[in-house]
$ cat protein-v3.cif   # mmCIF, C-alpha atoms
data_input
loop_
_atom_site.label_atom_id
_atom_site.label_comp_id
_atom_site.auth_asym_id
_atom_site.auth_seq_id
_atom_site.Cartn_x
_atom_site.Cartn_y
_atom_site.Cartn_z
CA MET Q 1 -40.76 -0.71 2.89
CA GLN Q 2 -40.82 2.98 3.78
CA ALA Q 3 -37.56 4.44 5.04
CA ILE Q 4 -37.36 5.54 8.68
CA ARG Q 5 -37.69 9.32 8.60
CA MET Q 6 -34.84 10.76 10.68
CA GLY Q 7 -34.15 14.03 12.42
CA ILE Q 8 -30.81 15.06 13.93
CA VAL Q 9 -30.46 17.22 17.03
CA GLY Q 10 -27.10 18.99 17.20
CA VAL Q 11 -25.19 19.64 13.98
CA GLY Q 12 -21.61 19.58 15.19
CA LYS Q 13 -18.49 17.67 14.20
CA ILE Q 14 -19.72 14.19 15.14
CA ALA Q 15 -23.02 14.69 13.32
CA ARG Q 16 -21.34 15.92 10.15
CA ASP Q 17 -18.46 13.44 10.19
CA GLN Q 18 -20.40 10.29 11.14
CA HIS Q 19 -24.16 10.46 11.48
CA VAL Q 20 -25.09 12.35 8.30
CA PRO Q 21 -23.01 10.19 5.90
CA CYS Q 22 -24.05 6.94 7.60
CA ILE Q 23 -27.74 7.84 7.43
CA ALA Q 24 -27.28 8.73 3.74
CA ALA Q 25 -25.55 5.41 3.07
CA ASN Q 26 -28.25 3.28 4.73
CA PRO Q 27 -31.43 2.80 2.66
CA ALA Q 28 -33.37 2.03 5.86
CA PHE Q 29 -33.21 5.74 6.74
CA ALA Q 30 -34.05 9.08 5.19
CA LEU Q 31 -32.69 12.25 6.81
CA GLU Q 32 -35.45 14.85 6.67
CA ALA Q 33 -34.74 17.45 9.37
CA ALA Q 34 -32.14 18.91 11.71
CA ALA Q 35 -32.28 21.08 14.81
CA SER Q 36 -29.36 23.33 15.73
CA ARG Q 37 -28.95 26.87 17.02
CA ASN Q 38 -25.71 27.42 15.15
CA ALA Q 39 -25.67 25.29 11.98
CA GLN Q 40 -27.80 23.92 9.15
CA LEU Q 41 -27.70 20.94 6.82
CA PRO Q 42 -28.42 21.41 3.10
CA GLY Q 43 -31.40 19.87 1.37
CA ILE Q 44 -33.55 19.22 4.45
CA ALA Q 45 -35.75 21.19 6.83
CA ASN Q 46 -33.76 23.07 9.48
CA PHE Q 47 -34.98 24.29 12.86
CA ARG Q 48 -33.36 26.07 15.79
CA THR Q 49 -34.72 23.76 18.50
CA LEU Q 50 -35.91 20.19 18.87
CA GLU Q 51 -39.35 21.37 19.90
CA GLN Q 52 -39.64 23.45 16.73
CA MET Q 53 -38.50 20.43 14.69
CA LEU Q 54 -41.07 18.12 16.28
CA ASP Q 55 -43.81 20.69 15.69
CA GLY Q 56 -42.71 21.52 12.15
CA ALA Q 57 -41.93 17.97 11.01
CA PRO Q 58 -44.39 15.75 12.91
CA GLU Q 59 -43.95 12.94 10.37
CA LEU Q 60 -40.47 12.10 11.72
CA ASP Q 61 -40.13 8.54 13.00
CA ALA Q 62 -36.81 8.72 14.80
CA ILE Q 63 -34.28 11.14 16.26
CA ALA Q 64 -30.49 11.03 16.63
CA ILE Q 65 -29.24 13.17 19.53
CA CYS Q 66 -25.75 14.54 18.92
CA THR Q 67 -25.66 17.37 21.45
CA PRO Q 68 -23.35 17.62 24.48
CA PRO Q 69 -24.32 15.07 27.17
CA GLN Q 70 -25.69 17.72 29.53
CA LEU Q 71 -28.56 18.21 27.03
CA HIS Q 72 -29.31 14.57 26.20
CA TYR Q 73 -31.90 13.86 28.86
CA GLN Q 74 -34.27 16.72 28.06
CA ALA Q 75 -33.99 16.13 24.32
CA ALA Q 76 -34.53 12.36 24.57
CA ARG Q 77 -37.39 12.79 27.01
CA LEU Q 78 -39.18 15.22 24.71
CA ALA Q 79 -38.67 13.02 21.65
CA LEU Q 80 -39.94 9.90 23.44
CA GLU Q 81 -42.96 11.77 24.77
CA ARG Q 82 -43.72 12.80 21.18
CA GLY Q 83 -43.61 9.16 20.11
CA LYS Q 84 -40.22 9.10 18.38
CA HIS Q 85 -37.52 6.44 18.47
CA VAL Q 86 -34.30 7.83 19.95
CA LEU Q 87 -30.61 7.19 19.32
CA MET Q 88 -28.19 8.92 21.70
CA GLU Q 89 -24.53 9.65 21.15
CA LYS Q 90 -22.16 8.82 23.96
CA PRO Q 91 -21.80 9.77 26.77
CA PRO Q 92 -25.50 9.13 27.34
CA CYS Q 93 -26.57 11.59 30.04
CA ALA Q 94 -25.19 13.66 32.87
CA SER Q 95 -26.47 11.13 35.44
CA LEU Q 96 -27.43 7.49 35.83
CA ALA Q 97 -30.88 8.45 37.12
CA GLN Q 98 -31.58 10.32 33.90
CA LEU Q 99 -30.62 7.32 31.78
CA GLY Q 100 -32.78 5.04 33.91
CA HIS Q 101 -35.77 7.34 33.53
CA LEU Q 102 -35.34 7.41 29.74
CA LYS Q 103 -35.44 3.60 29.71
CA GLN Q 104 -38.76 3.74 31.57
CA LEU Q 105 -40.15 6.35 29.18
CA ALA Q 106 -39.14 4.33 26.13
CA SER Q 107 -40.80 1.22 27.52
CA ALA Q 108 -44.00 3.08 28.36
CA ALA Q 109 -44.08 4.72 24.92
CA GLN Q 110 -43.23 1.43 23.16
CA ARG Q 111 -40.43 3.18 21.31
CA THR Q 112 -36.81 2.22 20.71
CA LEU Q 113 -34.13 3.85 22.85
CA TYR Q 114 -30.64 3.04 21.60
CA GLN Q 115 -27.70 4.23 23.68
CA THR Q 116 -24.71 3.94 21.39
CA TRP Q 117 -21.10 3.12 22.26
CA HIS Q 118 -19.31 3.47 18.96
CA SER Q 119 -16.02 1.95 20.11
CA GLN Q 120 -17.79 -1.34 20.86
CA HIS Q 121 -18.39 -1.52 17.10
CA ALA Q 122 -14.70 -1.12 16.21
CA PRO Q 123 -13.53 -3.93 13.88
CA GLY Q 124 -11.16 -5.63 16.32
CA VAL Q 125 -13.46 -5.76 19.34
CA ALA Q 126 -15.59 -8.73 18.28
CA SER Q 127 -12.45 -10.75 17.47
CA ALA Q 128 -10.99 -9.84 20.86
CA ALA Q 129 -14.18 -11.07 22.52
CA ARG Q 130 -13.79 -14.42 20.79
CA LEU Q 131 -10.18 -14.68 21.97
CA LEU Q 132 -11.28 -14.13 25.55
CA GLU Q 133 -13.75 -17.02 25.29
CA VAL Q 134 -10.84 -19.48 25.18
CA CYS Q 135 -8.27 -17.89 27.48
CA GLN Q 136 -8.06 -16.42 30.98
CA LEU Q 137 -7.52 -12.68 31.27
CA ARG Q 138 -5.00 -11.58 33.89
CA ARG Q 139 -4.17 -7.91 33.37
CA VAL Q 140 -5.15 -5.03 31.12
CA ARG Q 141 -3.40 -1.76 30.35
CA VAL Q 142 -5.28 1.11 28.67
CA THR Q 143 -3.37 4.02 27.14
CA TRP Q 144 -5.80 6.60 25.74
CA LYS Q 145 -3.99 9.85 24.98
CA GLU Q 146 -5.05 12.49 22.47
CA ASP Q 147 -4.85 16.17 21.65
CA VAL Q 148 -8.04 17.89 22.81
CA LEU Q 149 -7.30 20.84 20.50
CA LYS Q 150 -7.53 18.50 17.51
CA TRP Q 151 -10.60 16.49 18.48
CA HIS Q 152 -12.64 18.96 20.53
CA PRO Q 153 -11.71 22.44 19.31
CA GLY Q 154 -13.79 25.17 20.89
CA GLN Q 155 -16.06 22.71 22.69
CA ARG Q 156 -16.37 24.44 26.05
CA TRP Q 157 -19.07 22.04 27.22
CA ILE Q 158 -16.51 19.26 27.65
CA TRP Q 159 -14.80 21.29 30.42
CA GLN Q 160 -18.02 22.06 32.28
CA ALA Q 161 -19.64 19.99 35.04
CA GLY Q 162 -21.36 17.04 33.37
CA GLY Q 163 -19.10 17.32 30.33
CA PHE Q 164 -16.78 14.47 31.45
CA GLY Q 165 -13.50 16.14 30.41
CA VAL Q 166 -10.93 13.48 29.46
CA LEU Q 167 -13.49 10.84 30.48
CA ASP Q 168 -15.43 11.76 27.31
CA PRO Q 169 -12.91 9.92 25.10
CA GLY Q 170 -11.94 7.73 28.04
CA ILE Q 171 -15.44 6.27 28.22
CA ASN Q 172 -14.78 4.82 24.75
CA ALA Q 173 -12.02 2.67 26.22
CA LEU Q 174 -14.16 1.78 29.23
CA SER Q 175 -17.01 0.75 26.92
CA ILE Q 176 -14.66 -1.71 25.21
CA LEU Q 177 -13.67 -3.11 28.60
CA THR Q 178 -17.29 -3.57 29.68
CA ARG Q 179 -18.02 -5.23 26.33
CA LEU Q 180 -15.15 -7.71 26.78
CA ILE Q 181 -15.20 -8.33 30.56
CA ALA Q 182 -18.40 -9.80 31.95
CA GLU Q 183 -17.37 -9.30 35.59
CA PRO Q 184 -18.14 -6.04 37.37
CA ILE Q 185 -15.30 -3.52 37.16
CA PHE Q 186 -14.61 -1.32 40.18
CA PRO Q 187 -12.24 1.63 40.65
CA ARG Q 188 -9.55 0.80 43.20
CA SER Q 189 -8.01 4.26 42.90
CA ALA Q 190 -8.51 7.24 40.63
CA LEU Q 191 -6.44 10.41 40.29
CA LEU Q 192 -8.25 13.14 38.34
CA LEU Q 193 -6.17 16.11 37.19
CA VAL Q 194 -8.42 19.17 36.89
CA PRO Q 195 -7.14 22.50 35.49
CA ALA Q 196 -7.58 25.27 38.03
CA ASN Q 197 -9.85 27.25 35.67
CA LEU Q 198 -12.06 24.32 34.57
CA GLU Q 199 -14.59 21.91 36.08
CA ALA Q 200 -13.62 18.60 34.43
CA PRO Q 201 -10.37 16.60 34.34
CA ILE Q 202 -7.78 17.01 31.60
CA ALA Q 203 -6.01 13.76 32.55
CA ALA Q 204 -6.57 10.76 34.79
CA GLU Q 205 -4.69 7.77 36.18
CA LEU Q 206 -6.99 4.91 37.16
CA GLU Q 207 -6.51 1.53 38.79
CA LEU Q 208 -9.50 -0.75 38.25
CA LEU Q 209 -10.18 -4.26 39.54
CA THR Q 210 -12.69 -7.05 39.00
CA PRO Q 211 -13.96 -9.41 41.73
CA GLY Q 212 -12.02 -12.18 40.01
CA GLY Q 213 -8.76 -10.27 40.37
CA ILE Q 214 -8.24 -8.85 36.88
CA GLU Q 215 -6.09 -5.73 37.30
CA ILE Q 216 -6.72 -2.86 34.89
CA GLY Q 217 -4.50 0.22 34.65
CA VAL Q 218 -5.79 3.21 32.70
CA SER Q 219 -3.91 6.33 31.60
CA LEU Q 220 -5.97 9.12 30.03
CA ASP Q 221 -4.56 12.43 28.81
CA PHE Q 222 -6.03 15.29 26.75
CA ARG Q 223 -2.64 17.07 26.53
CA HIS Q 224 -0.97 14.57 24.21
CA THR Q 225 0.64 15.80 21.01
CA GLY Q 226 2.20 13.85 18.18
CA PRO Q 227 0.83 10.41 17.25
CA GLN Q 228 -2.50 9.86 18.96
CA THR Q 229 -2.70 6.75 21.15
CA TRP Q 230 -5.78 4.62 21.77
CA ASP Q 231 -4.40 1.25 22.88
CA ILE Q 232 -5.55 -1.58 25.13
CA ASP Q 233 -3.01 -4.31 26.02
CA PHE Q 234 -4.32 -7.63 27.33
CA GLU Q 235 -2.25 -10.20 29.24
CA THR Q 236 -3.74 -13.71 29.27
CA ASP Q 237 -2.69 -17.20 30.24
CA GLN Q 238 -2.13 -17.89 26.52
CA GLY Q 239 -0.07 -14.81 25.79
CA PRO Q 240 -0.68 -11.14 25.02
CA PHE Q 241 -2.86 -9.41 22.49
CA LYS Q 242 -3.52 -5.77 21.76
CA LEU Q 243 -6.31 -3.56 20.47
CA SER Q 244 -4.99 -0.35 18.94
CA ALA Q 245 -6.37 2.62 17.00
CA GLY Q 246 -9.38 2.69 19.31
CA GLY Q 247 -10.19 -0.98 18.71
CA ALA Q 248 -9.80 -0.88 14.94
CA ALA Q 249 -6.73 -3.14 14.85
CA LEU Q 250 -6.01 -6.38 16.71
CA THR Q 251 -2.57 -7.93 17.11
CA VAL Q 252 -1.97 -11.31 18.72
CA GLY Q 253 1.51 -12.12 19.94
CA GLY Q 254 2.76 -9.08 18.06
CA GLN Q 255 1.28 -10.19 14.74
CA PRO Q 256 -1.69 -8.48 13.03
CA ALA Q 257 -4.84 -10.59 13.21
CA PRO Q 258 -6.88 -10.73 10.00
CA ALA Q 259 -10.35 -9.22 10.16
CA GLU Q 260 -13.10 -11.81 10.08
CA ALA Q 261 -15.92 -11.80 7.56
CA GLY Q 262 -18.43 -9.06 8.26
CA GLU Q 263 -16.11 -7.05 10.48
CA ILE Q 264 -14.73 -4.65 7.89
CA HIS Q 265 -17.11 -1.72 8.16
CA GLY Q 266 -17.28 1.58 9.97
CA GLU Q 267 -18.36 1.90 13.57
CA TYR Q 268 -21.25 4.23 12.78
CA GLY Q 269 -22.37 2.17 9.80
CA SER Q 270 -22.72 -0.72 12.23
CA ILE Q 271 -24.58 1.51 14.69
CA TYR Q 272 -27.18 2.54 12.14
CA ARG Q 273 -27.68 -1.04 10.97
CA ALA Q 274 -28.33 -1.97 14.60
CA TYR Q 275 -30.69 1.01 15.05
CA ALA Q 276 -32.80 -0.10 12.08
CA GLU Q 277 -32.92 -3.66 13.41
CA LEU Q 278 -33.94 -2.51 16.90
CA ILE Q 279 -36.73 -0.34 15.52
CA ALA Q 280 -37.98 -3.18 13.33
CA ALA Q 281 -37.97 -5.56 16.29
CA GLY Q 282 -39.58 -3.06 18.69
CA ARG Q 283 -36.68 -3.32 21.13
CA SER Q 284 -34.39 -0.94 23.02
CA GLU Q 285 -30.71 -1.36 23.82
CA VAL Q 286 -29.34 0.64 26.74
CA ASP Q 287 -25.99 -0.46 28.17
CA ALA Q 288 -25.36 1.61 31.31
CA ARG Q 289 -22.14 -0.12 32.45
CA PRO Q 290 -19.66 2.38 30.95
CA LEU Q 291 -21.54 5.29 32.51
CA GLU Q 292 -21.76 3.46 35.83
CA LEU Q 293 -18.00 2.99 35.81
CA VAL Q 294 -17.38 6.67 35.04
CA ALA Q 295 -19.80 7.65 37.82
CA ASP Q 296 -17.87 5.44 40.26
CA ILE Q 297 -14.59 7.00 39.13
CA PHE Q 298 -15.89 10.50 39.80
CA LEU Q 299 -17.44 9.37 43.09
CA THR Q 300 -14.29 7.75 44.48
CA GLY Q 301 -11.56 9.67 42.66
CA LYS Q 302 -9.15 12.19 44.14
CA GLN Q 303 -9.19 15.52 42.31
CA VAL Q 304 -5.92 17.43 42.07
CA ALA Q 305 -5.71 20.96 40.70
CA VAL Q 306 -3.19 21.47 37.88
CA ALA Q 307 -2.16 24.42 35.74
CA PRO Q 308 -4.97 26.34 34.02
CA PHE Q 309 -5.75 25.35 30.45
CA GLU Q 310 -6.71 27.77 27.71
CA GLU Q 311 -7.18 27.16 24.01
CA PRO Q 312 -5.05 29.35 21.73
CA ARG Q 313 -7.07 32.19 20.22
CA SER Q 314 -7.58 31.77 16.48
#
$ encode --input "protein-v3.cif" --output "structure tokens"
Amino acid sequence: MQAIRMGIVGVGKIARDQHVPCIAANPAFALEAAASRNAQLPGIANFRTLEQMLDGAPELDAIAICTPPQLHYQAARLALERGKHVLMEKPPCASLAQLGHLKQLASAAQRTLYQTWHSQHAPGVASAARLLEVCQLRRVRVTWKEDVLKWHPGQRWIWQAGGFGVLDPGINALSILTRLIAEPIFPRSALLLVPANLEAPIAAELELLTPGGIEIGVSLDFRHTGPQTWDIDFETDQGPFKLSAGGAALTVGGQPAPAEAGEIHGEYGSIYRAYAELIAAGRSEVDARPLELVADIFLTGKQVAVAPFEEPRS
């Protein structure tokens, strides 16, 4: 069977750290081209724009979009209109309407559109879902605090309108919640701390609620130094359990839970296995719930100006 010929749009940290090695490790794919204004990948055809890549490498079957979210819609639309399958990094788009239109375009073109949420593929998440099948969830506490200078150095887009700010990593936690909680999740209150010189929040305190009464507290902070914290604590009628390290580790009653068969693999390895399966089956997978929740948070949240934030000059 011929490998799916891949092109990557956006050659930044996430593409180099995750997408390129996972494509190389999966025999279902062959990376043949990249499009980036500022970087190149060795051993393949390189172009400055997606349009140039589609013109210069028309044999490509599929595209992975790893640009900032403000650019996703136009890139995905062009790729779908050229008959390519499309995988999009999270966050998916700058608006829900854009994501909905891409779903329509993919259906009309009979091509796969795969909106990825990598944290849903973290090793402990599937086991947590099985725990919640046999117990009643009462409360959840999310603590998602990291150093933006470590994880997003020089990425000015994240501070611009449509860049999500601290909700860019925060949407990872929310995607785990929407994976584990079938009920709708609504913001009851949201405090968004926005530096006076930027357009997106650097921290947020959220209170979320489900129709069934599950209370969810969320603390997000881009200013955190020291050990990075990506934890979700669950309180159930059968006792507590915890996802930590972004969903990679599960503890039940304070004791580490062993990983189940098939769960020990990387998030992006799992994503590319799913992408190959979706293409083979002629299906799309577009989960909009995390983006819907972020949109509601921005719609209902109170923005408070805080001290300006500047990255140290190197």
$ residues_around --input "protein-v3.cif" --residues "Ala274 of chain Q" --least-positions-apart "4" --cutoff "10 Å" --atoms "all atoms listed in the file" --output "ChimeraX atom specification"
/Q:114,116,268-270,278-280,285
$ closest_atom_pairs --input "protein-v3.cif" --of "segment 173-237 of chain Q" --to "segment 295-302 of chain Q" --cutoff "10 Å" --atoms "all atoms listed in the file" --output "Markdown table"
| residue | atom | partner | partner_atom | distance |
| --- | --- | --- | --- | --- |
| Q:Ile185 | CA | Q:Asp296 | CA | 9.8 |
| Q:Phe186 | CA | Q:Asp296 | CA | 7.5 |
| Q:Pro187 | CA | Q:Ile297 | CA | 6.1 |
| Q:Arg188 | CA | Q:Thr300 | CA | 8.5 |
| Q:Ser189 | CA | Q:Gly301 | CA | 6.5 |
| Q:Ala190 | CA | Q:Gly301 | CA | 4.4 |
| Q:Leu191 | CA | Q:Lys302 | CA | 5.0 |
| Q:Leu192 | CA | Q:Lys302 | CA | 5.9 |
| Q:Leu193 | CA | Q:Lys302 | CA | 8.5 |
| Q:Ala200 | CA | Q:Phe298 | CA | 10.0 |
| Q:Pro201 | CA | Q:Phe298 | CA | 9.9 |
| Q:Ala204 | CA | Q:Gly301 | CA | 9.4 |
| Q:Glu205 | CA | Q:Gly301 | CA | 9.6 |
| Q:Leu206 | CA | Q:Ile297 | CA | 8.1 |
| Q:Glu207 | CA | Q:Ile297 | CA | 9.8 |
| Q:Leu208 | CA | Q:Ile297 | CA | 9.3 |
$ closest_residue --input "protein-v3.cif" --among "Q:Pro184, Q:Pro92, Q:Pro227, Q:Gly246" --to "Trp144 of chain Q" --atoms "all atoms listed in the file"
Q:Gly246
$ closest_residue --input "protein-v3.cif" --among "Q:Met88, Q:Ala108, Q:Ala64, Q:Val11" --to "Asn38 of chain Q" --atoms "only C-alpha atoms"
Q:Val11
$ closest_residue --input "protein-v3.cif" --among "Q:Val9, Q:Leu80, Q:Val294, Q:Ala173" --to "Phe47 of chain Q" --atoms "all atoms listed in the file"
Q:Val9
$ resolve_selection --input "protein-v3.cif" --expression "the PyMOL selection byres ((chain Q and resi 131) around 12)" --output "short mmCIF file (atom, residue, chain, number, x, y, z; two decimals) with C-alpha atoms, keeping the file's coordinate frame"
data_model
loop_
_atom_site.label_atom_id
_atom_site.label_comp_id
_atom_site.auth_asym_id
_atom_site.auth_seq_id
_atom_site.Cartn_x
_atom_site.Cartn_y
_atom_site.Cartn_z
CA GLY Q 124 -11.16 -5.63 16.32
CA VAL Q 125 -13.46 -5.76 19.34
CA ALA Q 126 -15.59 -8.73 18.28
CA SER Q 127 -12.45 -10.75 17.47
CA ALA Q 128 -10.99 -9.84 20.86
CA ALA Q 129 -14.18 -11.07 22.52
CA ARG Q 130 -13.79 -14.42 20.79
CA LEU Q 132 -11.28 -14.13 25.55
CA GLU Q 133 -13.75 -17.02 25.29
CA VAL Q 134 -10.84 -19.48 25.18
CA CYS Q 135 -8.27 -17.89 27.48
CA GLN Q 136 -8.06 -16.42 30.98
CA LEU Q 137 -7.52 -12.68 31.27
CA LEU Q 180 -15.15 -7.71 26.78
CA ILE Q 181 -15.20 -8.33 30.56
CA PHE Q 234 -4.32 -7.63 27.33
CA GLU Q 235 -2.25 -10.20 29.24
CA THR Q 236 -3.74 -13.71 29.27
CA ASP Q 237 -2.69 -17.20 30.24
CA GLN Q 238 -2.13 -17.89 26.52
CA GLY Q 239 -0.07 -14.81 25.79
CA PRO Q 240 -0.68 -11.14 25.02
CA PHE Q 241 -2.86 -9.41 22.49
CA LYS Q 242 -3.52 -5.77 21.76
CA LEU Q 243 -6.31 -3.56 20.47
CA LEU Q 250 -6.01 -6.38 16.71
CA THR Q 251 -2.57 -7.93 17.11
CA VAL Q 252 -1.97 -11.31 18.72
CA ALA Q 257 -4.84 -10.59 13.21
#
$ closest_residue --input "protein-v3.cif" --among "Q:Lys84, Q:Arg111, Q:Arg273, Q:His152" --to "Ile23 of chain Q" --atoms "all atoms listed in the file"
Q:Arg273
$ residues_near_point --input "protein-v3.cif" --point "(-43.3, 16.4, 15.2)" --cutoff "12 Å" --atoms "all atoms listed in the file" --output "ChimeraX atom specification"
/Q:5-7,32-35,47,49-63,78-85
$ atom_distance --input "protein-v3.cif" --atom1 "atom CA of Pro256 of chain Q" --atom2 "atom CA of Pro123 of chain Q"
12.7 Å
$ resolve_selection --input "protein-v3.cif" --expression "the PyMOL selection byres ((chain Q and resi 175) around 8)" --output "list of chain:residue names"
Q:Trp117, Q:Ser119, Q:Gln120, Q:Ile171, Q:Asn172, Q:Ala173, Q:Leu174, Q:Ile176, Q:Leu177, Q:Thr178, Q:Arg179, Q:Arg289, Q:Pro290
$ write_last_selection --input "protein-v3.cif" --atoms "C-alpha atoms" --output "short mmCIF file (atom, residue, chain, number, x, y, z; two decimals), in the coordinates of the input"
data_model
loop_
_atom_site.label_atom_id
_atom_site.label_comp_id
_atom_site.auth_asym_id
_atom_site.auth_seq_id
_atom_site.Cartn_x
_atom_site.Cartn_y
_atom_site.Cartn_z
CA TRP Q 117 -21.10 3.12 22.26
CA SER Q 119 -16.02 1.95 20.11
CA GLN Q 120 -17.79 -1.34 20.86
CA ILE Q 171 -15.44 6.27 28.22
CA ASN Q 172 -14.78 4.82 24.75
CA ALA Q 173 -12.02 2.67 26.22
CA LEU Q 174 -14.16 1.78 29.23
CA ILE Q 176 -14.66 -1.71 25.21
CA LEU Q 177 -13.67 -3.11 28.60
CA THR Q 178 -17.29 -3.57 29.68
CA ARG Q 179 -18.02 -5.23 26.33
CA ARG Q 289 -22.14 -0.12 32.45
CA PRO Q 290 -19.66 2.38 30.95
#
$ atom_distance --input "protein-v3.cif" --atom1 "atom CA of Ser107 of chain Q" --atom2 "atom CA of Arg48 of chain Q"
28.5 Å
$ residues_near_point --input "protein-v3.cif" --point "(-2.5, 17.5, 40.1)" --cutoff "8 Å" --atoms "only C-alpha atoms" --output "ChimeraX atom specification"
/Q:192-194,303-306
$ resolve_selection --input "protein-v3.cif" --expression "the PyMOL selection byres ((chain Q and resi 71) around 12)" --output "VMD selection string"
chain Q and resid 9 to 10 49 to 50 65 to 70 72 to 78 88 to 95 98 157 162 to 163
$ write_last_selection --input "protein-v3.cif" --atoms "C-alpha atoms" --output "mmCIF file, in the coordinates of the input"
data_model
loop_
_atom_site.group_PDB
_atom_site.id
_atom_site.type_symbol
_atom_site.label_atom_id
_atom_site.label_comp_id
_atom_site.auth_asym_id
_atom_site.auth_seq_id
_atom_site.Cartn_x
_atom_site.Cartn_y
_atom_site.Cartn_z
ATOM 1 C CA VAL Q 9 -30.460 17.220 17.030
ATOM 2 C CA GLY Q 10 -27.100 18.990 17.200
ATOM 3 C CA THR Q 49 -34.720 23.760 18.500
ATOM 4 C CA LEU Q 50 -35.910 20.190 18.870
ATOM 5 C CA ILE Q 65 -29.240 13.170 19.530
ATOM 6 C CA CYS Q 66 -25.750 14.540 18.920
ATOM 7 C CA THR Q 67 -25.660 17.370 21.450
ATOM 8 C CA PRO Q 68 -23.350 17.620 24.480
ATOM 9 C CA PRO Q 69 -24.320 15.070 27.170
ATOM 10 C CA GLN Q 70 -25.690 17.720 29.530
ATOM 11 C CA HIS Q 72 -29.310 14.570 26.200
ATOM 12 C CA TYR Q 73 -31.900 13.860 28.860
ATOM 13 C CA GLN Q 74 -34.270 16.720 28.060
ATOM 14 C CA ALA Q 75 -33.990 16.130 24.320
ATOM 15 C CA ALA Q 76 -34.530 12.360 24.570
ATOM 16 C CA ARG Q 77 -37.390 12.790 27.010
ATOM 17 C CA LEU Q 78 -39.180 15.220 24.710
ATOM 18 C CA MET Q 88 -28.190 8.920 21.700
ATOM 19 C CA GLU Q 89 -24.530 9.650 21.150
ATOM 20 C CA LYS Q 90 -22.160 8.820 23.960
ATOM 21 C CA PRO Q 91 -21.800 9.770 26.770
ATOM 22 C CA PRO Q 92 -25.500 9.130 27.340
ATOM 23 C CA CYS Q 93 -26.570 11.590 30.040
ATOM 24 C CA ALA Q 94 -25.190 13.660 32.870
ATOM 25 C CA SER Q 95 -26.470 11.130 35.440
ATOM 26 C CA GLN Q 98 -31.580 10.320 33.900
ATOM 27 C CA TRP Q 157 -19.070 22.040 27.220
ATOM 28 C CA GLY Q 162 -21.360 17.040 33.370
ATOM 29 C CA GLY Q 163 -19.100 17.320 30.330
#
$ decode --input "protein-v3.cif" --residues "segment 35-69 of chain Q" --atoms "C-alpha atoms" --output "PDB file, in the first residue's frame"
ATOM      1  CA  ALA Q  35       5.856  25.321   3.670  1.00  0.00           C
ATOM      2  CA  SER Q  36       7.321  27.997   5.933  1.00  0.00           C
ATOM      3  CA  ARG Q  37       8.477  31.583   5.509  1.00  0.00           C
ATOM      4  CA  ASN Q  38      11.203  31.255   8.106  1.00  0.00           C
ATOM      5  CA  ALA Q  39      12.431  27.643   8.244  1.00  0.00           C
ATOM      6  CA  GLN Q  40      13.163  24.552   6.167  1.00  0.00           C
ATOM      7  CA  LEU Q  41      13.282  20.808   6.750  1.00  0.00           C
ATOM      8  CA  PRO Q  42      16.173  18.763   5.329  1.00  0.00           C
ATOM      9  CA  GLY Q  43      15.712  16.109   2.680  1.00  0.00           C
ATOM     10  CA  ILE Q  44      12.335  17.257   1.335  1.00  0.00           C
ATOM     11  CA  ALA Q  45      10.964  19.978  -0.928  1.00  0.00           C
ATOM     12  CA  ASN Q  46      10.619  23.335   0.845  1.00  0.00           C
ATOM     13  CA  PHE Q  47       8.360  26.234  -0.118  1.00  0.00           C
ATOM     14  CA  ARG Q  48       7.615  29.638   1.378  1.00  0.00           C
ATOM     15  CA  THR Q  49       3.818  29.379   1.197  1.00  0.00           C
ATOM     16  CA  LEU Q  50       1.146  26.705   1.163  1.00  0.00           C
ATOM     17  CA  GLU Q  51      -0.016  27.820  -2.262  1.00  0.00           C
ATOM     18  CA  GLN Q  52       3.503  27.401  -3.644  1.00  0.00           C
ATOM     19  CA  MET Q  53       3.693  23.949  -2.030  1.00  0.00           C
ATOM     20  CA  LEU Q  54       0.382  22.832  -3.538  1.00  0.00           C
ATOM     21  CA  ASP Q  55       1.464  24.100  -6.957  1.00  0.00           C
ATOM     22  CA  GLY Q  56       4.972  22.670  -6.731  1.00  0.00           C
ATOM     23  CA  ALA Q  57       4.062  19.317  -5.160  1.00  0.00           C
ATOM     24  CA  PRO Q  58       0.602  18.475  -6.536  1.00  0.00           C
ATOM     25  CA  GLU Q  59       1.078  14.786  -5.721  1.00  0.00           C
ATOM     26  CA  LEU Q  60       0.630  15.425  -1.981  1.00  0.00           C
ATOM     27  CA  ASP Q  61      -2.272  13.521  -0.431  1.00  0.00           C
ATOM     28  CA  ALA Q  62      -2.536  15.209   2.948  1.00  0.00           C
ATOM     29  CA  ILE Q  63      -1.506  18.303   4.873  1.00  0.00           C
ATOM     30  CA  ALA Q  64      -0.700  18.941   8.546  1.00  0.00           C
ATOM     31  CA  ILE Q  65      -1.317  22.558   9.574  1.00  0.00           C
ATOM     32  CA  CYS Q  66       0.988  23.677  12.384  1.00  0.00           C
ATOM     33  CA  THR Q  67       0.685  27.449  12.067  1.00  0.00           C
ATOM     34  CA  PRO Q  68      -0.785  29.823  14.662  1.00  0.00           C
ATOM     35  CA  PRO Q  69      -4.584  29.415  14.909  1.00  0.00           C
TER      36      PRO Q  69
END
